[in-house]
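J.: What follows is a structure written as structure tokens; I'll ask about it next.
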Protein chains: 4
Amino acid sequence: MPFEALFAPPALREAVSDEAWLRAMLEAERALAVAEARVGVIPQDAADAVEAACHGRFDATALAEEGRRVGNPVEPLVRALRGRAEHAHWGATSQDVLDTAAALVARDATGLIVEELDGLARACADLAERHRSTVMAARTLLQQAVPTTFGLKAASWLVGVVHARSRIAAARLPAQLGGAGGTLAAFGNRGLEVLRSYCEELELPEPVVPWHTRRLPLAELGAALAVAAGFVAKIGLDVALLAQTEVGEVREPPDGGSSTMPQKRNPVRSTLSRACAVRVSAAASVLLNTLPQEHERAAGGWQAEWDALSEALALTGGAASSMREALEGLEVDAERMRANIAGETLSEAQRFRIDAKQPQDYLGSSESFIERALQFYRA
Amino acid sequence: MPFEALFAPPALREAVSDEAWLRAMLEAERALAVAEARVGVIPQDAADAVEAACHGRFDATALAEEGRRVGNPVEPLVRALRGRAEHAHWGATSQDVLDTAAALVARDATGLIVEELDGLARACADLAERHRSTVMAARTLLQQAVPTTFGLKAASWLVGVVHARSRIAAARLPAQLGGAGGTLAAFGNRGLEVLRSYCEELELPEPVVPWHTRRLPLAELGAALAVAAGFVAKIGLDVALLAQTEVGEVREPPDGGSSTMPQKRNPVRSTLSRACAVRVSAAASVLLNTLPQEHERAAGGWQAEWDALSEALALTGGAASSMREALEGLEVDAERMRANIAGETLSEAQRFRIDAKQPQDYLGSSESFIERALQFYRA
Amino acid sequence: MPFEALFAPPALREAVSDEAWLRAMLEAERALAVAEARVGVIPQDAADAVEAACHGRFDATALAEEGRRVGNPVEPLVRALRGRAEHAHWGATSQDVLDTAAALVARDATGLIVEELDGLARACADLAERHRSTVMAARTLLQQAVPTTFGLKAASWLVGVVHARSRIAAARLPAQLGGAGGTLAAFGNRGLEVLRSYCEELELPEPVVPWHTRRLPLAELGAALAVAAGFVAKIGLDVALLAQTEVGEVREPPDGGSSTMPQKRNPVRSTLSRACAVRVSAAASVLLNTLPQEHERAAGGWQAEWDALSEALALTGGAASSMREALEGLEVDAERMRANIAGETLSEAQRFRIDAKQPQDYLGSSESFIERALQFYRA
Amino acid sequence: MPFEALFAPPALREAVSDEAWLRAMLEAERALAVAEARVGVIPQDAADAVEAACHGRFDATALAEEGRRVGNPVEPLVRALRGRAEHAHWGATSQDVLDTAAALVARDATGLIVEELDGLARACADLAERHRSTVMAARTLLQQAVPTTFGLKAASWLVGVVHARSRIAAARLPAQLGGAGGTLAAFGNRGLEVLRSYCEELELPEPVVPWHTRRLPLAELGAALAVAAGFVAKIGLDVALLAQTEVGEVREPPDGGSSTMPQKRNPVRSTLSRACAVRVSAAASVLLNTLPQEHERAAGGWQAEWDALSEALALTGGAASSMREALEGLEVDAERMRANIAGETLSEAQRFRIDAKQPQDYLGSSESFIERALQFYRA
């Protein structure tokens with residue numbers, strides 16, 4: 001797909017790459033063998049052989065190409081592993097490995113996203129503190145309404161980012177191990193022991209029962225990402241609107257030059273954040289739309305998830321990263337904010353018989369709200 | 001919109017109707033006046049007048065028609081109220097009233113949805129218990145894989161329903177009060193007191209700062225509903241597949257007659273659940289797509305929410321209700337389940353050198369998983 | 001669903017109402033009997049009895065409620081009709097009647113939409129003509145770029161509206177008649193004759209073969225509506241941006257008052273158009289997502305279409321209607337447009353060594369493009 | 001993004017790759033210089049220098065990375081080209097080049113998709129002809145209804161594929177050339193000449209006026225792709241259902257082995273087609289949702305299109321390709337089809353007093369419909 005480097009930072013692109021998925025699949029196979037040996041389902045030396053095989057090199061693209069024949073990339077990998085270690089993939093099914101890989105990929109990528117959101121929250125908090133008293137117009141339906149402060153606007157951004165961050169940090173996909181039909185049949189009556197050991201080895205949550213076609217955690221993760229990206233895009237929209245030539249209240253940091261008009265200071269990072277969010281929402285809709293999966297493995301719904309999850313992760317990170325950069329270097333023109341306030345913007349004050357000669361006389365609870373937002377952030 | 005009565009039960013249709021929204025808007029106006037009088041922002045008799053006015057009769061459709069002029073149904077209502085009580089809507093803005101109404105409507109409707117999901121969970125638990133030992137084929141990619149039990153299938157449904165129910169029960173929209181620009185300016189330095197009192201009166205959560213364009217709670221509620229409906233549709237899909245003429249392992253309770261072929265026993269409730277879920281997912285996507293809202297009130301994104309929320313609520317309830325009915329009366333043909341198992345379905349057992357002469361000899365952790373699911377449900 | 005009257009004009013709400021669907025279902029039953037008698041499949045007096053029964057009164061809501069039992073509203077209607085005329089619905093299935101009703105509802109509603117789009121095109125053309133020479137800033141990424149004219153902006157709107165209108169005018173759903181399995185089996189070897197006569201009686205296109213689960217025409221209609229509504233919302237977005245307090249280049253006609261700030265002139269119609277478009281896109285996605293329908297009738301995908309189609313029709317009409325009103329009364333401030341142009345907006349001219357002292361010296365092909373757009377419209 | 005090779009054939013992956021987009025961008029720059037020299041806007045030797053520069057080598061990934069700074073990949077490319085030929089990109093803007101590149105990429109990729117759909121249509125036609133008299137059960141709501149033929153089922157697939165193919169073949173994006181603001185200002189009064197010459201050189205349709213923020217053709221292409229993929233997935237769904245162990249009426253050609261159960265013949269290609277379709281629908285929704293683009297260039301909506309278009313193209317081709325393979329090698333078990341028909345499946349015949357002792361006596365217009373479908377295909 002074209003131009004991914006425009007939208008997602010390198011670490012996130014790497015975290016959802018073919019190679020990262022391959023590494024995660026190998027880690028699942030390795031952990032399975034370790035767990036099985038620990039429980040005594042396979043001999044220790046068999047497990048050692050699997051572990052060694054999992055440290056080998058494989059070609060992710062070739063596996064995907066071969067996988068077209070069977071509909072997933074695990075089967076060719078398993079064949080290759082078994083050529084080196086006969087107990088590889090013992091008692092598991094392709095979906096066990098791919099779902100566990102998804103959990104590992106998601107864990108790593110959400111870690112990176114949370115870092116970006118932390119940075120974004122910090123930038124919001126900084127703006128909220130610095131601009132407690134920076135008066136500007138509140139705008140409803142894109143019309144000036146009453147005075148507010150830029151600090152309060154940033155404080156509301158802050159609350160949303162903290163909220164979104166907490167949801168993503170809490171979203172954890174469990175490991176998957178069910179075997180061909182979700183019964184762990186190949187392990188006889190040792191299935192639950194293997195499952196527990198496998199989850200411990202992977203440091204992933206243990207599911208109550210296999211979740212092969214109970215995809216709620218995945219759909220919820222997708223939704224949490226879309227909520228985060230969508231709110232980040234709200235910040236981007238506000239910045240792009242405030243940066244309009246005719247408004248001129250903020251400017252993104254330099255480097256958004258135009259190829260034909262070097263004088264322009266384009267809101268490039270806000271623009272990229274908004275583009276990311278549109279795509280994350282579509283990716284999340286894939287994860288919602290594929291919830292109804294057939295019986296013990298879906299014929300289509302499951303396979304549609306891999307790219308949707310990867311895209312949702314990479315681009316939520318991309319949105320957060322761009323917006324963090326935009327806010328960290330944001331140039332705020334407090335004078336212009338004050339000057340832009342139209343005459344009638346104080347007319348509401350009169351209606352409520354409040355003696356407000358200047359916009360700053362009609363700010364109500366603006367400062368208190370900023371304080372609450374900062375406390376919420378620090379908590 | 002046509003045929004809503006087909007999809008959503010009467011109580012849920014009522015809970016999201018024009019009339020329910022109108023009642024909730026009046027409750028918001030009433031609570032505001034009560035809170036303002038309590039704090040001393042308006043006189044007690046002014047509040048009494050507002051409260052009396054809020055008990056009057058209004059025509060929801062007429063308000064919507066008049067509202068077309070200003071883009072929301074609150075403004076005409078406020079004009080009508082002020083004709084009766086001049087302090088009505090004091091210090092508030094249309095969005096305060098409509099967002100608070102949304103919170104009230106959502107609270108009532110999610111209560112009904114949770115009841116339906118409770119009933120559905122009960123039906124799943126019942127099936128899981130009764131069919132612990134009912135052997136059937138696990139199916140992957142719609143092909144028989146290995147033996148499982150119908151109890152385990154129902155146990156996995158159960159875990160998903162309990163999960164979805166807990167998310168919806170936890171999703172609560174806060175009250176909204178910000179005034180024209182989110183600063184509560186009309187209340188001078190008493191804004192936070194009014195806000196607290198208002199939320200108490202409404203028994204709704206208090207937001208950290210006004211959430212006029214920070215729509216995460218709403219988008220999250222939409223996503224939680226779509227996740228629930230999508231998983232309910234997974235149950236519906238399984239039932240419809242098991243009910244196929246050629247499979248015949250379950251039948252929905254009677255009454256799904258065909259107009260032309262009375263012998264048919266159509267999986268009507270599963271069908272309706274699946275139809276509901278498709279629409280809930282689309283409604284949830286509206287709530288995700290409209291997260292980027294402009295400044296202090298959106299010009300389009302906000303107004304798109306009202307129907308999307310209502311539809312997501314009514315149809316998630318509809319999906320749950322239909323599926324509850326389907327499972328409560330589900331006819332399970334255990335003999336057919338056993339008979340359908342194809343010869344090769346035990347071939348995996350041989351590969352793992354397990355001595356399984358009969359499908360029931362190769363069930364692995366099926367029973368343990370059922371037990372875990374029931375414990376999870378009872379917890 | 002709440003507040004529909006805010007979004008869609010009365011004629012369109014009526015055109016997709018329960019009652020309109022019921023009327024269309026009765027028209028399908030009537031046309032079927034007429035066609036069957038004409039071909040000789042049923043006696044003429046049997047057809048007369050059906051026709052008389054179809055002129056009777058039925059309760060749309062009651063039919064929907066009864067229909068919940070069987071999953072569609074046709075079966076209860078058929079039972080009622082057969083009580084009065086035993087040959088009612090002869091050889092047909094519920095889906096025949098409902099799909100044909102959808103074709104009739106869509107034909108009527110698209111007629112209304114096309115009228116609204118015609119009015120919108122006229123308003124665009126008028127603005128394009130009147131403002132051929134009204135210089136304003138072209139804006140890219142919300143930054144001023146180079147000069148353009150308001151006429152060219154309106155001309156581009158015009159081309160889009162004409163394009164969208166032509167697509168909707170061309171989108172026609174065929175009639176449906178297939179019987180229980182799509183073979184017209186009940187008519188023996190007279191099936192094709194009945195089909196032709198039925199389509200003629202209804203003045204609807206005849207399908208090559210029944211389209212019960214080949215839903216391309218419906219999905220295409222949905223997409224055409226979403227494209228139209230989405231482009232109308234682009235006009236709404238431009239108007240809302242130009243109407244910003246700080247830009248002030250256009251104002252919607254009066255009546256968008258605020259409940260708290262009467263001085264505000266809100267871009268209400270643009271706002272409503274944008275809200276409609278978001279929802280139409282979601283409705284269209286339902287029609288795209290339900291294309292994969294099972295065998296000869298879908299268990300969920302079909303049933304999800306009815307509301308999605310109705311909503312897409314009503315709200316595309318709503319978007320067009322609101323935007324037509326906005327443009328018909330649009331106040332254009334040509335002086336402000338000229339005055340808003342920033343100094344550097346001519347810097348590109350220097351780079352291309354063009355002697356442009358005033359913005360109007362650097363308009364390139366603006367006027368020629370306007371002329372082309374007007375010719376395209378008139379063609 | 002992971003595992004693309006599983007879903008899309010190599011030619012289509014290549015056709016939407018970074019490299020293909022880069023080639024198309026260079027072709028746009030080359031054609032622009034050629035056109036400008038032809039019209040006399042730049043000297044011929046300047047155009048020759050640009051043409052030479054466009055034959056140079058560039059690193060697509062590096063351009064994307066550099067492009068992050070400005071929000072698009074064209075600006076770094078233009079800087080590189082200008083280092084070699086100063087008249088490169090004369091009078092154009094980044095969007096001109098990228099939109100024209102999109103038109104070229106789409107033209108090439110839709111060519112490949114049409115080939116796949118042609119192959120799929122041929123396979124459907126072949127099945128329709130061969131199975132005119134292969135009796136099977138028609139199934140509604142996944143229940144057997146009345147007899148039909150496999151030929152008629154394939155004939156309905158055929159009609160849908162031919163329909164979808166014709167829409168994609170007709171969808172052509174125009175070239176784009178507008179300059180910084182859509183006025184072609186840099187060309188003085190020669191703009192339309194340059195535009196015509198540019199379109200001729202590229203063999204792309206000429207737009208009435210620049211379509212920078214009038215994205216209907218792109219949204220329509222996306223919708224046409226989603227309709228095609230969605231219908232292909234309907235075929236996949238039917239095949240997967242018919243291939244169920246308990247139905248066993250068709251089997252995909254060999255090679256869909258399971259890693260754990262080699263006896264399984266999974267409907268792999270149907271599965272992949274269905275997975276592709278879900279994602280194409282989401283990609284199309286991006287193109288519908290981004291129709292409302294700001295003024296003369298969107299800050300987010302435009303940038304979201306590139307991947308959505310690429311994904312829609314690649315995966316529609318992927319769906320068609322997989323399904324073509326599935327049908328070309330489809331094993332049809334006519335005996336099983338006949339044997340599966342349940343006793344009551346003829347009960348409708350009695351109701352219509354038709355003497356049908358065998359399913360083949362109750363096929364109505366099945367054969368005539370097949371003939372009509374084949375004529376429609378051949379036309």
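Naming works like this for the structure tokens: A, B, ... for the chains as they're shown, residue 1 at the start of each chain, ligands 1 onward in shown order.
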Taking the DSSP secondary structure from the backbone, can you list the residues of range 40-283 of chain D that are strand (DSSP E), as a ChimeraX atom specification?

T.: /D:135-140,143-149,250-251

J.: Set the distance at 12 Å and use only C-alpha atoms: which residues neighbour Ala228 in chain C once local chain neighbours fewer than 6 positions away are removed? I'd like the list as a ChimeraX atom specification.

T.: /C:110,113-114,116-117,120,157,159-169,221-222,234-235,273-274,276-278,280-281,284,312-313,315-320,323 /D:214-217,219-220,288-289,291-292

J.: Store the residues of this selection in a file with N, CA and C atoms, as a compact mmCIF listing (two decimals), in the first residue's frame.

T.:
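Final output, saved to selection14.txt:
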# COMPACT_ATOMS: atom_id res chain seq x y z
N THR C 110 -36.69 8.82 -5.30
CA THR C 110 -35.62 9.42 -6.12
C THR C 110 -36.19 10.52 -7.00
N ILE C 113 -35.98 13.44 -4.83
CA ILE C 113 -34.57 13.84 -4.64
C ILE C 113 -34.06 14.58 -5.87
N VAL C 114 -34.39 14.05 -7.03
CA VAL C 114 -33.94 14.68 -8.27
C VAL C 114 -34.48 16.11 -8.36
N GLU C 116 -35.08 18.07 -5.83
CA GLU C 116 -34.28 18.89 -4.92
C GLU C 116 -32.91 19.18 -5.53
N LEU C 117 -32.32 18.17 -6.16
CA LEU C 117 -31.01 18.38 -6.77
C LEU C 117 -31.11 19.34 -7.96
N LEU C 120 -31.10 22.66 -6.47
CA LEU C 120 -29.75 22.97 -5.98
C LEU C 120 -28.83 23.33 -7.15
N TRP C 157 -19.21 23.31 -7.69
CA TRP C 157 -20.38 22.72 -7.01
C TRP C 157 -21.39 22.25 -8.05
N VAL C 159 -21.07 21.38 -11.20
CA VAL C 159 -20.70 20.17 -11.95
C VAL C 159 -20.92 18.92 -11.09
N GLY C 160 -20.60 19.02 -9.82
CA GLY C 160 -20.81 17.88 -8.94
C GLY C 160 -22.28 17.54 -8.74
N VAL C 161 -23.09 18.55 -8.59
CA VAL C 161 -24.52 18.31 -8.37
C VAL C 161 -25.15 17.71 -9.62
N VAL C 162 -24.79 18.23 -10.79
CA VAL C 162 -25.33 17.69 -12.03
C VAL C 162 -24.91 16.22 -12.20
N HIS C 163 -23.67 15.95 -11.90
CA HIS C 163 -23.14 14.60 -11.96
C HIS C 163 -23.93 13.68 -11.02
N ALA C 164 -24.09 14.09 -9.78
CA ALA C 164 -24.78 13.25 -8.80
C ALA C 164 -26.23 13.03 -9.19
N ARG C 165 -26.85 14.10 -9.68
CA ARG C 165 -28.24 14.01 -10.10
C ARG C 165 -28.41 13.00 -11.22
N SER C 166 -27.50 13.01 -12.19
CA SER C 166 -27.65 12.10 -13.33
C SER C 166 -27.53 10.65 -12.87
N ARG C 167 -26.68 10.41 -11.91
CA ARG C 167 -26.54 9.04 -11.41
C ARG C 167 -27.80 8.56 -10.71
N ILE C 168 -28.37 9.43 -9.91
CA ILE C 168 -29.57 9.02 -9.18
C ILE C 168 -30.76 8.86 -10.13
N ALA C 169 -30.84 9.78 -11.10
CA ALA C 169 -31.95 9.67 -12.06
C ALA C 169 -31.86 8.36 -12.84
N LEU C 221 -27.64 1.88 -5.89
CA LEU C 221 -28.50 3.02 -5.55
C LEU C 221 -28.04 3.65 -4.24
N GLY C 222 -27.74 2.80 -3.27
CA GLY C 222 -27.23 3.31 -1.99
C GLY C 222 -25.97 4.13 -2.19
N LYS C 234 -20.18 18.59 0.94
CA LYS C 234 -18.99 19.37 0.59
C LYS C 234 -19.38 20.84 0.38
N ILE C 235 -20.49 21.05 -0.29
CA ILE C 235 -20.98 22.42 -0.46
C ILE C 235 -21.29 23.01 0.91
N SER C 273 -27.28 19.50 6.37
CA SER C 273 -26.83 18.74 5.20
C SER C 273 -25.65 17.84 5.57
N ARG C 274 -24.74 18.39 6.33
CA ARG C 274 -23.58 17.58 6.72
C ARG C 274 -24.01 16.42 7.61
N CYS C 276 -26.90 14.93 7.62
CA CYS C 276 -27.57 13.95 6.76
C CYS C 276 -26.55 13.07 6.03
N ALA C 277 -25.52 13.71 5.50
CA ALA C 277 -24.56 12.97 4.67
C ALA C 277 -23.83 11.88 5.47
N VAL C 278 -23.49 12.19 6.71
CA VAL C 278 -22.83 11.19 7.54
C VAL C 278 -23.71 9.94 7.68
N VAL C 280 -26.25 9.04 5.64
CA VAL C 280 -26.46 8.37 4.36
C VAL C 280 -25.28 7.45 4.06
N SER C 281 -24.09 7.92 4.36
CA SER C 281 -22.91 7.07 4.11
C SER C 281 -23.00 5.77 4.93
N ALA C 284 -25.58 3.57 3.31
CA ALA C 284 -25.03 2.96 2.10
C ALA C 284 -24.09 1.82 2.45
N ALA C 312 -31.38 6.22 3.53
CA ALA C 312 -30.53 6.81 2.48
C ALA C 312 -31.36 7.73 1.58
N LEU C 313 -32.57 7.31 1.25
CA LEU C 313 -33.43 8.13 0.39
C LEU C 313 -33.85 9.41 1.11
N LEU C 315 -32.69 10.98 3.69
CA LEU C 315 -31.67 11.93 4.13
C LEU C 315 -30.86 12.50 2.98
N THR C 316 -30.77 11.80 1.86
CA THR C 316 -30.16 12.43 0.69
C THR C 316 -31.07 13.57 0.23
N GLY C 317 -32.36 13.29 0.23
CA GLY C 317 -33.30 14.37 -0.06
C GLY C 317 -33.20 15.49 0.95
N GLY C 318 -33.01 15.13 2.20
CA GLY C 318 -32.88 16.13 3.26
C GLY C 318 -31.65 17.00 3.05
N ALA C 319 -30.54 16.35 2.72
CA ALA C 319 -29.31 17.11 2.49
C ALA C 319 -29.49 18.07 1.32
N ALA C 320 -30.07 17.57 0.23
CA ALA C 320 -30.23 18.40 -0.96
C ALA C 320 -31.19 19.55 -0.69
N MET C 323 -29.59 22.26 1.51
CA MET C 323 -28.54 23.00 0.82
C MET C 323 -29.13 23.87 -0.28
N ARG D 214 -13.86 17.78 -5.76
CA ARG D 214 -15.14 17.25 -6.27
C ARG D 214 -14.89 15.79 -6.59
N ARG D 215 -14.92 14.97 -5.54
CA ARG D 215 -14.33 13.63 -5.61
C ARG D 215 -15.33 12.56 -6.01
N LEU D 216 -16.38 12.94 -6.70
CA LEU D 216 -17.40 11.95 -7.06
C LEU D 216 -16.84 10.79 -7.88
N PRO D 217 -15.96 11.03 -8.87
CA PRO D 217 -15.49 9.89 -9.67
C PRO D 217 -14.74 8.85 -8.82
N ALA D 219 -15.12 8.34 -5.49
CA ALA D 219 -16.07 7.67 -4.61
C ALA D 219 -16.88 6.64 -5.39
N GLU D 220 -17.22 6.99 -6.62
CA GLU D 220 -17.97 6.05 -7.45
C GLU D 220 -17.13 4.84 -7.84
N LEU D 288 -16.26 7.31 0.43
CA LEU D 288 -17.56 7.98 0.58
C LEU D 288 -17.51 9.01 1.71
N ASN D 289 -16.86 8.61 2.81
CA ASN D 289 -16.85 9.50 3.97
C ASN D 289 -16.00 10.75 3.75
N LEU D 291 -15.89 12.52 0.99
CA LEU D 291 -16.40 13.40 -0.06
C LEU D 291 -16.46 14.87 0.37
N PRO D 292 -16.86 15.16 1.59
CA PRO D 292 -16.89 16.57 1.97
C PRO D 292 -15.47 17.10 2.22

J.: Would you return as a VMD selection string the members of range 182-346 of chain B that DSSP assigns to helix (DSSP H, G or I) on this structure's backbone?

T.: chain B and resid 185 to 202 216 to 242 268 to 289 305 to 328 334 to 340 343 to 346

J.: As a PyMOL selection string, please: the residues near range 38-49 of chain D (cut-off 9 Å, only C-alpha atoms, same-chain neighbours under 4 positions excluded).

T.: chain D and resi 30+32-34+53-54+84-88+90+187+190+193-194+197

J.: Tell me, in Å to one decimal, how far CA of Arg196 in chain D is from CA of His89 in chain D.

T.: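 So the two atoms, CA of Arg196 in chain D and CA of His89 in chain D, lie 16.6 Å apart.
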
J.: What are the residues of chain A that have an atom within 9 Å of an atom of chain C, counting only C-alpha atoms, as a ChimeraX atom specification?

T.: /A:139-146,240-241,243-247,260-268,271,289,340-342,344-345,347-348,351

J.: Would you save the residues of that selection, restricted to N, CA, C and O atoms, as a compact mmCIF listing (two decimals), in the first residue's frame?

T.:
# COMPACT_ATOMS: atom_id res chain seq x y z
N ARG A 139 -16.40 28.94 19.83
CA ARG A 139 -17.12 28.94 18.55
C ARG A 139 -18.06 27.75 18.48
O ARG A 139 -17.64 26.62 18.69
N THR A 140 -19.31 28.04 18.19
CA THR A 140 -20.30 26.99 18.02
C THR A 140 -20.85 27.09 16.61
O THR A 140 -21.13 28.20 16.14
N LEU A 141 -20.98 25.96 15.94
CA LEU A 141 -21.36 25.93 14.52
C LEU A 141 -20.46 26.87 13.72
O LEU A 141 -20.89 27.47 12.75
N LEU A 142 -19.21 26.97 14.14
CA LEU A 142 -18.20 27.79 13.47
C LEU A 142 -18.49 29.29 13.54
O LEU A 142 -17.88 30.08 12.81
N GLN A 143 -19.37 29.69 14.44
CA GLN A 143 -19.63 31.10 14.71
C GLN A 143 -19.14 31.44 16.11
O GLN A 143 -19.29 30.63 17.02
N GLN A 144 -18.61 32.62 16.27
CA GLN A 144 -18.22 33.03 17.62
C GLN A 144 -19.44 33.07 18.53
O GLN A 144 -20.50 33.56 18.13
N ALA A 145 -19.25 32.56 19.74
CA ALA A 145 -20.37 32.49 20.68
C ALA A 145 -20.11 33.43 21.86
O ALA A 145 -20.70 34.51 21.95
N VAL A 146 -19.24 33.01 22.75
CA VAL A 146 -18.90 33.79 23.95
C VAL A 146 -17.39 33.65 24.16
O VAL A 146 -16.76 32.82 23.52
N ALA A 240 -6.33 23.03 12.70
CA ALA A 240 -6.42 23.46 11.31
C ALA A 240 -7.35 24.66 11.16
O ALA A 240 -7.08 25.59 10.38
N LEU A 241 -8.43 24.66 11.93
CA LEU A 241 -9.36 25.78 11.86
C LEU A 241 -8.74 27.05 12.45
O LEU A 241 -8.90 28.15 11.91
N ALA A 243 -5.68 27.73 12.53
CA ALA A 243 -4.53 28.12 11.72
C ALA A 243 -4.94 28.74 10.39
O ALA A 243 -4.08 29.16 9.61
N GLN A 244 -6.25 28.79 10.10
CA GLN A 244 -6.68 29.38 8.84
C GLN A 244 -6.10 30.79 8.67
O GLN A 244 -5.98 31.53 9.64
N THR A 245 -5.80 31.13 7.45
CA THR A 245 -5.24 32.46 7.16
C THR A 245 -6.05 33.55 7.83
O THR A 245 -5.50 34.49 8.42
N GLU A 246 -7.38 33.42 7.78
CA GLU A 246 -8.25 34.49 8.27
C GLU A 246 -8.40 34.46 9.79
O GLU A 246 -8.94 35.39 10.37
N VAL A 247 -7.98 33.38 10.41
CA VAL A 247 -8.10 33.27 11.86
C VAL A 247 -6.72 33.52 12.48
O VAL A 247 -6.55 34.38 13.34
N THR A 260 4.60 24.92 -4.24
CA THR A 260 4.48 26.07 -5.14
C THR A 260 4.43 27.40 -4.41
O THR A 260 4.75 28.41 -4.99
N MET A 261 4.03 27.37 -3.15
CA MET A 261 3.89 28.63 -2.42
C MET A 261 4.62 28.56 -1.09
O MET A 261 4.04 28.26 -0.06
N PRO A 262 5.94 28.86 -1.13
CA PRO A 262 6.75 28.64 0.08
C PRO A 262 6.30 29.48 1.27
O PRO A 262 6.66 29.16 2.40
N GLN A 263 5.50 30.52 1.02
CA GLN A 263 5.07 31.35 2.16
C GLN A 263 4.05 30.64 3.04
O GLN A 263 3.83 31.00 4.18
N LYS A 264 3.39 29.64 2.48
CA LYS A 264 2.32 28.98 3.23
C LYS A 264 2.86 28.18 4.41
O LYS A 264 3.88 27.52 4.30
N ARG A 265 2.16 28.24 5.51
CA ARG A 265 2.48 27.38 6.67
C ARG A 265 1.30 26.42 6.83
O ARG A 265 0.36 26.71 7.56
N ASN A 266 1.38 25.32 6.15
CA ASN A 266 0.26 24.39 6.16
C ASN A 266 0.15 23.62 7.47
O ASN A 266 1.17 23.27 8.06
N PRO A 267 -1.05 23.33 7.91
CA PRO A 267 -1.24 22.50 9.10
C PRO A 267 -1.05 21.03 8.74
O PRO A 267 -2.00 20.24 8.76
N VAL A 268 0.19 20.69 8.41
CA VAL A 268 0.48 19.37 7.85
C VAL A 268 0.19 18.25 8.84
O VAL A 268 -0.40 17.23 8.50
N THR A 271 -3.40 17.71 9.38
CA THR A 271 -3.95 17.09 8.19
C THR A 271 -3.67 15.59 8.20
O THR A 271 -4.58 14.77 7.93
N ASN A 289 -17.67 -5.39 12.01
CA ASN A 289 -18.51 -6.11 11.04
C ASN A 289 -18.20 -7.60 10.99
O ASN A 289 -19.03 -8.38 10.52
N ASN A 340 -9.35 38.91 17.58
CA ASN A 340 -10.38 38.31 16.72
C ASN A 340 -11.77 38.35 17.33
O ASN A 340 -12.76 38.15 16.62
N ILE A 341 -11.83 38.53 18.63
CA ILE A 341 -13.15 38.44 19.28
C ILE A 341 -14.05 39.57 18.78
O ILE A 341 -13.71 40.74 18.88
N ALA A 342 -15.16 39.17 18.22
CA ALA A 342 -16.07 40.15 17.62
C ALA A 342 -16.84 40.90 18.70
O ALA A 342 -16.98 40.43 19.83
N GLU A 344 -19.99 41.48 19.21
CA GLU A 344 -21.22 40.92 19.79
C GLU A 344 -20.95 39.72 20.69
O GLU A 344 -21.88 39.17 21.29
N THR A 345 -19.71 39.29 20.73
CA THR A 345 -19.42 38.09 21.48
C THR A 345 -19.68 38.26 22.97
O THR A 345 -19.73 37.31 23.72
N SER A 347 -22.50 39.79 23.94
CA SER A 347 -23.91 40.13 24.09
C SER A 347 -24.64 39.21 25.06
O SER A 347 -25.59 39.60 25.71
N GLU A 348 -24.16 37.95 25.17
CA GLU A 348 -24.83 37.05 26.10
C GLU A 348 -24.72 37.57 27.53
O GLU A 348 -25.65 37.43 28.34
N ARG A 351 -27.43 39.78 28.50
CA ARG A 351 -28.68 39.07 28.74
C ARG A 351 -28.75 38.51 30.15
O ARG A 351 -29.81 38.43 30.77

J.: Need the shell around Glu311 in chain B: protein/DNA/RNA residues with any atom at most 9 Å away, counting only C-alpha atoms. Skip same-chain ones fewer than 6 positions apart. Format as a list in words?

T.: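 Non-adjacent residues within range: Val16, Arg279, Val280 and Ala283 of chain B; Met1 of chain C.
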